[in-house]
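Colleague: Take a look at protein.tsv, TSV, C-alpha atoms:
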```tsv
chain	number	residue	atom	x	y	z
R	1	MET	CA	7.44	74.27	-31.60
R	2	THR	CA	10.07	75.68	-33.89
R	3	THR	CA	12.18	73.07	-35.54
R	4	ILE	CA	15.75	72.80	-34.47
R	5	THR	CA	18.38	72.14	-37.05
R	6	PRO	CA	22.19	72.05	-36.77
R	7	GLU	CA	22.21	75.50	-38.44
R	8	SER	CA	19.78	77.08	-36.00
R	9	LEU	CA	21.16	75.49	-32.84
R	10	PRO	CA	23.41	78.39	-31.71
R	11	ARG	CA	20.34	80.65	-31.75
R	12	HIS	CA	17.93	78.06	-30.41
R	13	GLU	CA	16.66	77.22	-26.94
R	14	LEU	CA	19.11	74.69	-25.51
R	15	LEU	CA	17.06	73.44	-22.57
R	16	GLY	CA	16.15	69.79	-22.98
R	17	LEU	CA	18.94	69.00	-25.42
R	18	HIS	CA	21.47	66.32	-24.63
R	19	ALA	CA	24.97	67.79	-24.42
R	20	ARG	CA	28.43	66.51	-23.71
R	21	VAL	CA	31.52	68.53	-22.86
R	22	ALA	CA	33.86	67.33	-25.60
R	23	ALA	CA	36.78	69.58	-24.73
R	24	ASP	CA	37.50	72.12	-22.06
R	25	THR	CA	40.41	74.20	-20.84
R	26	ASP	CA	39.74	72.47	-17.50
R	27	GLN	CA	40.38	68.79	-18.20
R	28	SER	CA	38.24	67.68	-15.24
R	29	ARG	CA	35.10	68.90	-17.02
R	30	VAL	CA	35.70	66.88	-20.19
R	31	GLY	CA	33.15	64.09	-20.48
R	32	ILE	CA	30.37	65.70	-18.44
R	33	ALA	CA	27.24	64.72	-20.28
R	34	GLY	CA	23.53	65.05	-19.73
R	35	ARG	CA	20.40	66.96	-20.47
R	36	VAL	CA	20.61	70.76	-20.39
R	37	VAL	CA	18.38	71.89	-17.52
R	38	ASP	CA	19.36	75.54	-17.23
R	39	GLU	CA	21.39	78.16	-18.99
R	40	THR	CA	22.80	81.47	-17.81
R	41	MET	CA	24.80	84.08	-19.68
R	42	GLN	CA	28.11	82.41	-18.87
R	43	THR	CA	27.21	78.82	-18.04
R	44	VAL	CA	25.22	75.78	-19.07
R	45	VAL	CA	23.75	73.51	-16.40
R	46	LEU	CA	23.70	69.80	-17.23
R	47	ARG	CA	21.87	67.08	-15.32
R	48	THR	CA	24.23	64.16	-15.22
R	49	ALA	CA	23.83	60.71	-13.74
R	50	SER	CA	25.59	61.88	-10.57
R	51	GLY	CA	23.83	65.21	-10.14
R	52	VAL	CA	23.84	68.68	-11.66
R	53	ALA	CA	26.96	70.21	-13.19
R	54	GLN	CA	27.34	73.87	-14.05
R	55	VAL	CA	29.80	74.24	-16.92
R	56	PRO	CA	31.20	77.63	-17.98
R	57	LYS	CA	30.63	78.23	-21.69
R	58	LYS	CA	33.94	79.99	-22.12
R	59	GLY	CA	36.69	77.53	-22.90
R	60	ALA	CA	34.37	74.57	-23.41
R	61	THR	CA	33.39	72.78	-26.59
R	62	PHE	CA	29.95	71.20	-26.42
R	63	GLU	CA	28.67	68.34	-28.50
R	64	PHE	CA	24.88	68.50	-28.77
R	65	ARG	CA	22.84	65.55	-29.86
R	66	LEU	CA	19.68	66.05	-31.86
R	67	THR	CA	17.32	63.27	-32.74
R	68	ASP	CA	14.94	63.08	-35.60
R	69	GLU	CA	11.37	63.16	-34.43
R	70	ALA	CA	10.35	61.25	-37.53
R	71	ALA	CA	12.35	58.28	-36.29
R	72	ALA	CA	9.95	57.70	-33.42
R	73	PRO	CA	7.11	55.41	-34.50
R	74	ASP	CA	4.28	57.64	-33.23
R	75	ASN	CA	5.34	60.69	-35.22
R	76	GLY	CA	4.51	61.69	-38.75
R	77	VAL	CA	6.92	62.33	-41.54
R	78	GLY	CA	8.46	65.71	-42.30
R	79	THR	CA	9.42	66.85	-38.82
R	80	ALA	CA	12.89	68.11	-38.27
R	81	PHE	CA	15.23	67.38	-35.41
R	82	LYS	CA	13.91	67.75	-31.93
R	83	PRO	CA	15.70	67.75	-28.61
R	84	ALA	CA	17.03	64.40	-27.60
R	85	GLY	CA	16.41	63.16	-24.13
R	86	GLY	CA	18.79	61.23	-21.93
R	87	GLU	CA	20.87	58.23	-22.84
R	88	THR	CA	17.90	55.90	-22.49
R	89	ARG	CA	15.83	57.41	-25.26
R	90	GLN	CA	15.52	55.04	-28.16
R	91	THR	CA	16.92	56.36	-31.39
R	92	THR	CA	17.94	54.79	-34.60
R	93	GLY	CA	21.46	55.50	-35.77
R	94	GLU	CA	20.51	57.46	-38.86
R	95	SER	CA	18.16	59.81	-37.11
R	96	VAL	CA	20.75	61.23	-34.74
R	97	ALA	CA	22.65	64.38	-35.64
R	98	TYR	CA	25.52	65.82	-33.70
R	99	VAL	CA	26.52	69.47	-33.60
R	100	THR	CA	29.79	70.60	-32.11
R	101	VAL	CA	29.68	74.15	-30.80
R	102	ASP	CA	32.44	76.26	-29.36
R	103	GLY	CA	31.14	77.54	-26.03
R	104	GLY	CA	32.26	81.05	-26.91
R	105	ARG	CA	29.54	81.10	-29.58
R	106	LEU	CA	26.88	80.66	-26.89
R	107	LEU	CA	28.15	83.44	-24.61
R	108	SER	CA	25.03	85.50	-24.36
R	109	ARG	CA	21.90	85.68	-22.28
R	110	PRO	CA	19.69	82.84	-23.53
R	111	GLU	CA	16.88	85.14	-24.63
R	112	ARG	CA	19.27	87.49	-26.42
R	113	ARG	CA	21.10	84.65	-28.16
R	114	SER	CA	18.03	83.94	-30.26
R	115	GLU	CA	18.22	87.46	-31.65
R	116	ASN	CA	21.66	86.97	-33.19
R	117	GLY	CA	21.66	87.22	-36.93
R	118	VAL	CA	22.91	84.51	-39.23
R	119	ASP	CA	26.66	84.81	-39.64
R	120	SER	CA	28.37	84.72	-42.97
R	121	LYS	CA	30.83	81.89	-43.35
R	122	TRP	CA	33.51	84.39	-44.24
R	123	ARG	CA	33.30	86.72	-41.26
P	1	MET	CA	54.63	76.80	-48.28
P	2	TYR	CA	52.51	77.43	-51.36
P	3	GLU	CA	53.05	79.55	-54.44
P	4	ALA	CA	50.19	81.37	-56.19
P	5	VAL	CA	50.44	80.81	-59.93
P	6	CYS	CA	48.68	81.88	-63.13
P	7	ALA	CA	48.08	78.80	-65.26
P	8	HIS	CA	47.07	78.41	-68.90
P	9	PRO	CA	45.23	80.28	-70.49
P	10	ASP	CA	46.25	83.26	-68.31
P	11	GLY	CA	49.80	81.99	-68.12
P	12	ASP	CA	51.95	79.95	-70.46
P	13	SER	CA	52.16	76.67	-68.55
P	14	THR	CA	49.55	74.13	-67.60
P	15	VAL	CA	48.46	73.49	-64.05
P	16	ALA	CA	50.18	70.09	-64.05
P	17	ARG	CA	53.49	71.52	-65.22
P	18	LEU	CA	53.39	74.33	-62.66
P	19	ALA	CA	52.50	71.86	-59.90
P	20	ALA	CA	55.40	69.58	-60.82
P	21	THR	CA	57.87	72.47	-60.98
P	22	ALA	CA	56.67	73.94	-57.69
P	23	ALA	CA	56.96	70.55	-56.00
P	24	SER	CA	60.55	70.15	-57.19
P	25	ALA	CA	61.33	73.72	-56.06
P	26	GLY	CA	60.30	72.81	-52.52
P	27	TYR	CA	56.69	73.98	-52.31
P	28	ASP	CA	53.96	71.87	-50.76
P	29	GLY	CA	51.47	73.02	-53.36
P	30	ILE	CA	50.18	75.76	-55.61
P	31	VAL	CA	47.20	78.08	-55.59
P	32	VAL	CA	45.85	78.53	-59.12
P	33	ARG	CA	44.80	82.17	-59.30
P	34	ASN	CA	43.46	82.54	-62.80
P	35	TRP	CA	41.08	85.32	-63.78
P	36	GLY	CA	38.71	82.81	-65.25
P	37	ALA	CA	38.65	79.09	-65.85
P	38	THR	CA	41.81	77.07	-66.37
P	39	SER	CA	42.24	74.71	-69.31
P	40	ALA	CA	42.62	71.79	-66.89
P	41	ASP	CA	40.56	71.14	-63.77
P	42	PRO	CA	42.82	71.98	-60.79
P	43	ASP	CA	41.17	69.36	-58.57
P	44	ALA	CA	41.77	66.60	-61.12
P	45	VAL	CA	45.40	67.65	-61.60
P	46	GLY	CA	45.91	67.77	-57.84
P	47	ALA	CA	44.91	64.15	-57.55
P	48	ASP	CA	47.63	63.09	-60.00
P	49	THR	CA	50.60	65.09	-58.73
P	50	ASP	CA	52.61	65.22	-55.52
P	51	ALA	CA	51.84	68.89	-54.97
P	52	ASP	CA	48.55	70.03	-53.52
P	53	VAL	CA	46.63	72.08	-56.11
P	54	VAL	CA	44.26	74.65	-54.66
P	55	ARG	CA	41.44	76.07	-56.74
P	56	GLY	CA	41.69	79.84	-56.54
P	57	THR	CA	40.48	82.78	-58.54
P	58	THR	CA	41.28	86.43	-59.10
P	59	VAL	CA	38.45	88.91	-59.37
P	60	SER	CA	39.00	92.09	-61.30
P	61	VAL	CA	37.52	95.02	-59.40
P	62	THR	CA	36.87	97.95	-61.69
P	63	ASP	CA	33.63	99.25	-60.21
P	64	ARG	CA	32.02	98.86	-56.82
P	65	ALA	CA	28.54	98.16	-58.13
P	66	GLY	CA	29.31	94.89	-59.91
P	67	ALA	CA	32.32	93.79	-57.89
P	68	SER	CA	30.46	92.78	-54.76
P	69	GLU	CA	28.21	90.40	-56.66
P	70	ARG	CA	31.14	88.99	-58.66
P	71	ILE	CA	33.10	88.35	-55.45
P	72	ARG	CA	30.07	86.66	-53.87
P	73	ARG	CA	29.58	84.36	-56.86
P	74	ARG	CA	33.26	83.40	-57.16
P	75	ARG	CA	33.42	82.75	-53.42
P	76	GLU	CA	31.09	79.78	-53.80
P	77	ASN	CA	33.46	77.83	-56.07
P	78	ALA	CA	36.97	78.95	-55.26
P	79	VAL	CA	38.99	77.99	-52.20
P	80	VAL	CA	41.13	81.11	-52.34
P	81	VAL	CA	39.71	84.37	-53.68
P	82	ALA	CA	42.09	87.17	-54.61
P	83	ALA	CA	40.91	90.52	-55.91
P	84	ARG	CA	42.84	93.01	-57.94
P	85	ALA	CA	41.73	96.62	-57.96
P	86	SER	CA	42.70	99.35	-60.36
P	87	SER	CA	42.72	102.41	-58.12
P	88	PRO	CA	43.41	103.37	-54.48
P	89	SER	CA	39.71	103.79	-53.73
P	90	LEU	CA	38.94	100.34	-55.12
P	91	ASN	CA	41.86	98.93	-53.11
P	92	ARG	CA	40.02	100.21	-50.06
P	93	PHE	CA	36.79	98.60	-51.24
P	94	VAL	CA	38.58	95.24	-51.56
P	95	ALA	CA	40.29	95.67	-48.18
P	96	GLU	CA	36.84	96.07	-46.63
P	97	SER	CA	35.34	93.01	-48.37
P	98	GLU	CA	35.37	90.15	-45.90
P	99	ARG	CA	34.74	87.54	-48.58
P	100	VAL	CA	38.07	88.34	-50.22
P	101	ASP	CA	41.15	86.51	-48.95
P	102	VAL	CA	43.89	88.43	-50.71
P	103	LEU	CA	44.21	91.94	-52.08
P	104	ALA	CA	46.46	91.07	-55.03
P	105	ALA	CA	49.25	93.37	-56.18
P	106	PRO	CA	47.83	96.49	-54.52
P	107	MET	CA	50.60	98.76	-55.83
P	108	ALA	CA	50.47	97.66	-59.48
P	109	ASP	CA	48.76	99.50	-62.34
P	110	GLY	CA	48.44	102.88	-60.67
P	111	GLY	CA	47.23	101.38	-57.41
P	112	ASP	CA	48.34	102.71	-54.08
P	113	VAL	CA	47.87	101.94	-50.41
P	114	ASN	CA	47.70	104.17	-47.37
P	115	HIS	CA	47.20	103.69	-43.65
P	116	VAL	CA	43.42	103.57	-44.07
P	117	ILE	CA	43.57	100.65	-46.51
P	118	VAL	CA	46.11	98.72	-44.44
P	119	LYS	CA	44.09	99.15	-41.25
P	120	ALA	CA	40.90	98.14	-43.06
P	121	ALA	CA	42.65	95.02	-44.37
P	122	ARG	CA	43.73	94.10	-40.85
P	123	THR	CA	40.22	94.63	-39.46
P	124	HIS	CA	38.54	92.58	-42.20
P	125	GLY	CA	41.19	89.85	-42.44
P	126	VAL	CA	42.16	90.61	-46.05
P	127	ARG	CA	45.78	89.67	-46.79
P	128	LEU	CA	47.88	92.24	-48.61
P	129	GLU	CA	50.07	90.72	-51.27
P	130	PHE	CA	53.76	91.41	-51.67
P	131	ASP	CA	54.04	90.74	-55.36
P	132	PHE	CA	57.66	89.98	-56.28
P	133	ALA	CA	56.88	89.64	-60.02
P	134	GLY	CA	58.07	93.17	-60.79
P	135	VAL	CA	61.30	92.65	-58.86
P	136	LEU	CA	62.01	89.27	-60.43
P	137	ARG	CA	61.06	89.91	-64.03
P	138	ALA	CA	60.81	93.66	-64.78
P	139	SER	CA	63.71	95.94	-65.54
P	140	GLY	CA	64.52	99.63	-65.60
P	141	GLY	CA	61.86	102.06	-64.45
P	142	ASP	CA	59.24	99.36	-63.97
P	143	ARG	CA	61.45	97.55	-61.50
P	144	VAL	CA	62.26	100.80	-59.68
P	145	GLN	CA	58.54	101.47	-59.31
P	146	ALA	CA	57.90	97.91	-58.14
P	147	LEU	CA	60.65	98.25	-55.51
P	148	ARG	CA	59.29	101.59	-54.36
P	149	GLY	CA	55.80	100.13	-54.08
P	150	LEU	CA	56.99	97.12	-52.10
P	151	ARG	CA	58.93	99.30	-49.68
P	152	LYS	CA	55.93	101.52	-48.98
P	153	LEU	CA	53.63	98.54	-48.54
P	154	ARG	CA	56.14	96.78	-46.28
P	155	GLU	CA	56.55	99.82	-44.03
P	156	LEU	CA	52.78	100.17	-43.63
P	157	VAL	CA	52.23	96.43	-43.07
P	158	GLU	CA	54.98	96.32	-40.44
P	159	HIS	CA	53.67	99.42	-38.68
P	160	TYR	CA	50.06	98.25	-38.49
P	161	ASP	CA	50.81	94.53	-38.18
P	162	ALA	CA	48.50	93.70	-41.09
P	163	PRO	CA	48.22	90.17	-42.54
P	164	PHE	CA	50.11	89.55	-45.77
P	165	VAL	CA	51.10	86.96	-48.35
P	166	VAL	CA	54.20	86.75	-50.53
P	167	SER	CA	54.22	85.50	-54.09
P	168	GLY	CA	56.46	85.56	-57.14
P	169	ARG	CA	53.29	85.33	-59.28
P	170	PRO	CA	54.74	82.92	-61.85
P	171	ALA	CA	52.85	82.81	-65.14
P	172	SER	CA	55.04	80.01	-66.48
P	173	HIS	CA	56.91	77.11	-64.94
P	174	LEU	CA	60.12	78.94	-65.86
P	175	HIS	CA	59.10	81.78	-63.53
P	176	VAL	CA	58.81	79.55	-60.47
P	177	ARG	CA	61.39	80.46	-57.83
P	178	SER	CA	62.00	78.28	-54.82
P	179	PRO	CA	61.26	79.61	-51.30
P	180	ARG	CA	64.93	80.12	-50.53
P	181	GLU	CA	65.40	82.12	-53.72
P	182	LEU	CA	62.49	84.36	-52.78
P	183	VAL	CA	63.96	84.72	-49.28
P	184	ALA	CA	67.28	85.77	-50.83
P	185	VAL	CA	65.60	88.32	-53.11
P	186	GLY	CA	63.52	89.53	-50.17
P	187	ALA	CA	66.65	90.04	-48.07
P	188	GLU	CA	68.10	92.28	-50.80
P	189	ILE	CA	65.03	94.51	-50.88
P	190	GLY	CA	64.52	94.86	-47.16
P	191	PHE	CA	62.39	91.88	-46.12
P	192	THR	CA	63.48	89.60	-43.32
P	193	ASP	CA	63.82	85.86	-43.79
P	194	ALA	CA	60.90	85.24	-41.44
P	195	GLN	CA	58.63	87.69	-43.26
P	196	VAL	CA	58.99	86.03	-46.65
P	197	ARG	CA	58.53	82.56	-45.21
P	198	ALA	CA	55.49	83.68	-43.22
P	199	GLY	CA	54.04	85.21	-46.39
P	200	LEU	CA	54.46	81.96	-48.31
P	201	ARG	CA	53.04	79.91	-45.44
P	202	GLU	CA	49.99	82.16	-45.28
P	203	TRP	CA	48.75	80.63	-48.55
P	204	THR	CA	48.86	77.22	-46.87
P	205	HIS	CA	46.90	78.54	-43.92
P	206	LEU	CA	44.32	80.20	-46.21
P	207	ALA	CA	43.82	77.04	-48.26
P	208	ALA	CA	43.37	74.85	-45.17
P	209	ARG	CA	41.03	77.30	-43.44
P	210	ASN	CA	38.85	77.84	-46.50
P	211	ARG	CA	38.63	74.14	-47.31
P	212	ARG	CA	37.36	73.61	-43.79
P	213	ARG	CA	34.82	76.39	-44.24
P	214	LEU	CA	33.63	75.08	-47.60
P	215	SER	CA	33.17	71.55	-46.27
P	216	ALA	CA	29.66	70.28	-45.59
P	217	GLU	CA	30.34	70.00	-41.83
P	218	PHE	CA	31.01	73.68	-41.38
P	219	ILE	CA	28.05	75.82	-40.30
P	220	ALA	CA	29.61	78.97	-38.85
P	221	PRO	CA	32.89	79.77	-37.10
P	222	GLY	CA	32.84	77.65	-33.94
P	223	VAL	CA	29.85	75.57	-35.03
P	224	LYS	CA	30.09	72.40	-37.05
P	225	ARG	CA	28.00	69.40	-37.89
P	226	GLY	CA	29.08	66.05	-36.57
P	227	ARG	CA	30.81	64.76	-33.50
P	228	TYR	CA	33.76	66.41	-31.88
P	229	GLU	CA	37.10	65.45	-33.34
P	230	GLU	CA	40.39	66.17	-31.67
P	231	ASP	CA	42.53	68.56	-33.68
P	232	PRO	CA	45.56	66.73	-35.03
```
Just give me the structure of the file as structure tokens.

Modeller:
Amino acid sequence: MTTITPESLPRHELLGLHARVAADTDQSRVGIAGRVVDETMQTVVLRTASGVAQVPKKGATFEFRLTDEAAAPDNGVGTAFKPAGGETRQTTGESVAYVTVDGGRLLSRPERRSENGVDSKWR
Amino acid sequence: MYEAVCAHPDGDSTVARLAATAASAGYDGIVVRNWGATSADPDAVGADTDADVVRGTTVSVTDRAGASERIRRRRENAVVVAARASSPSLNRFVAESERVDVLAAPMADGGDVNHVIVKAARTHGVRLEFDFAGVLRASGGDRVQALRGLRKLRELVEHYDAPFVVSGRPASHLHVRSPRELVAVGAEIGFTDAQVRAGLREWTHLAARNRRRLSAEFIAPGVKRGRYEEDP
């Protein structure tokens, strides 16, 4: 499996990652959190404690949580971040990385998103 | 509002002196736009004074071949990158360089702008500079040329709604003019009050935006490391 880093996340497969809607133009969606179970061109589907929520990418700001595989006792050293599971998954504080992504950056068909080039900071 | 200054050795005054003068004139800070290094570290001076001192640089663009690499290298260290070109075709090259923040004094030294350059600057987010140095400190034919250049640039910028900055380009603390003085001079030569103030505020915006981009949290526009923080 390809390693997922904060830099590669906007071009990476999102399914399986833990995400939280940190901000949204629709206030009622703020706080929806859970594992990403599906993604379409315009939306992300999250499995929350109370069911499945389909959140439009446009207007939302997502906070993705990545955990370090190396933190788990049964894994070797040198592995990068891998998708974090639900809230119950045991992680140590240092091994968790958060990435905040503007939903507009993810507006693309999932399979096409991976083909986006690396953006310059200054564009 | 910030003022973009040339400090020692390019100018006559030190960074600290310029910062103190700018602060007393009513600026929030200064952008140090030297061609090369300054004799004092801008970041260290900024910590000691009231005014915010922004590390900037000016790149001299005399040929396309080397300029791109020079801009790329300076971009790594400087918060604000200005570029000064020596001909209309090089002005266009700078206006199309996305790594450059400001096209400095585009009308000076035989430079010229046209609708192509102004539209390119708008597309690529390069700010055109209204350089008041010639109006404030030149006389005779030089001042007439500076005024003519500013008028042409202003008409094009207004027509195409291009981004711009305003500066008196002080090279000494004695050259520093307060915002309201620049507004008054601007009013005499055809600028509106709001235009001059917007041009001075644009330096503030550039410094804040670029500091955010140079920080370790920033990955790409819209993507950053770390948890979500509410914008203040």

Colleague: Taking (30.9, 75.4, -27.2) in the file's coordinates, which residues come within 7 Å, counting all atoms listed in the file, written as a ChimeraX atom specification?

Modeller: /R:57,60-62,100-106

Colleague: List every residue of chain P that has an atom at most 8 Å from any atom of chain R, giving for each one its closest atom pair and the distance in Å to one decimal, counting all atoms listed in the file, sorted by chain and then by ascending residue number, as CSV.

Modeller:
```
residue,atom,partner,partner_atom,distance
P:Glu98,CA,R:Arg123,CA,6.1
P:Arg99,CA,R:Trp122,CA,5.5
P:His124,CA,R:Arg123,CA,7.9
P:Arg213,CA,R:Lys121,CA,6.9
P:Ile219,CA,R:Glu7,CA,6.1
P:Ala220,CA,R:Lys121,CA,5.5
P:Pro221,CA,R:Lys121,CA,6.9
P:Gly222,CA,R:Asp102,CA,4.8
P:Val223,CA,R:Val101,CA,4.5
P:Lys224,CA,R:Thr100,CA,5.3
P:Arg225,CA,R:Val99,CA,4.5
P:Gly226,CA,R:Tyr98,CA,4.6
P:Arg227,CA,R:Tyr98,CA,5.4
P:Tyr228,CA,R:Thr100,CA,5.8
```

Colleague: Need the shell around Gln54 in chain R: protein/DNA/RNA residues with any atom at most 7 Å away, counting only C-alpha atoms. Skip same-chain ones fewer than 3 positions apart. Format as a list in words?

Modeller: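 In the requested form, the answer reads Thr43, Val44, Val45 and Leu46 of chain R.
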
Colleague: Give me, please, the distance in Å between CA of Val30 in chain R and CA of Arg47 in chain R, quoted to one decimal.

Modeller: 14.7 Å

Colleague: Could the centre and edge lengths of an axis-aligned box, enclosing all atoms of range 70-73 of chain P in the file with 3 Å extra on each side, be given in Å to one decimal as AutoDock Vina command-line options?

Modeller:
```
--center_x 31.3 --center_y 86.7 --center_z -56.3 --size_x 9.5 --size_y 10.6 --size_z 10.8
```

Colleague: Looking at P:Arg33, P:Arg55, P:Leu153, P:Arg177, which one is nearest to Glu76 in chain P, with distances taken over all atoms listed in the file?

Modeller: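 The answer is P:Arg55, which sits nearest to Glu76 in chain P.
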
Colleague: Figure out the distance between CA of Asn91 in chain P and CA of Gly186 in chain P, please, to one decimal in Å.

Modeller: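 Taking CA of Gly186 in chain P and CA of Asn91 in chain P, their separation equals 23.8 Å.
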
Colleague: Find the spatial neighbours of Glu96 in chain P, counting only C-alpha atoms, within a cut-off of 8 Å - ignore same-chain residues fewer than 2 positions away - and output them as a VMD selection string.

Modeller: chain P and resid 92 to 94 98 120 to 121 124 126

Colleague: At what distance in Å, to one decimal, does CA of Val116 in chain P lie from CA of Val102 in chain P?

Modeller: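 CA of Val116 in chain P lies at a distance of 16.5 Å from CA of Val102 in chain P.
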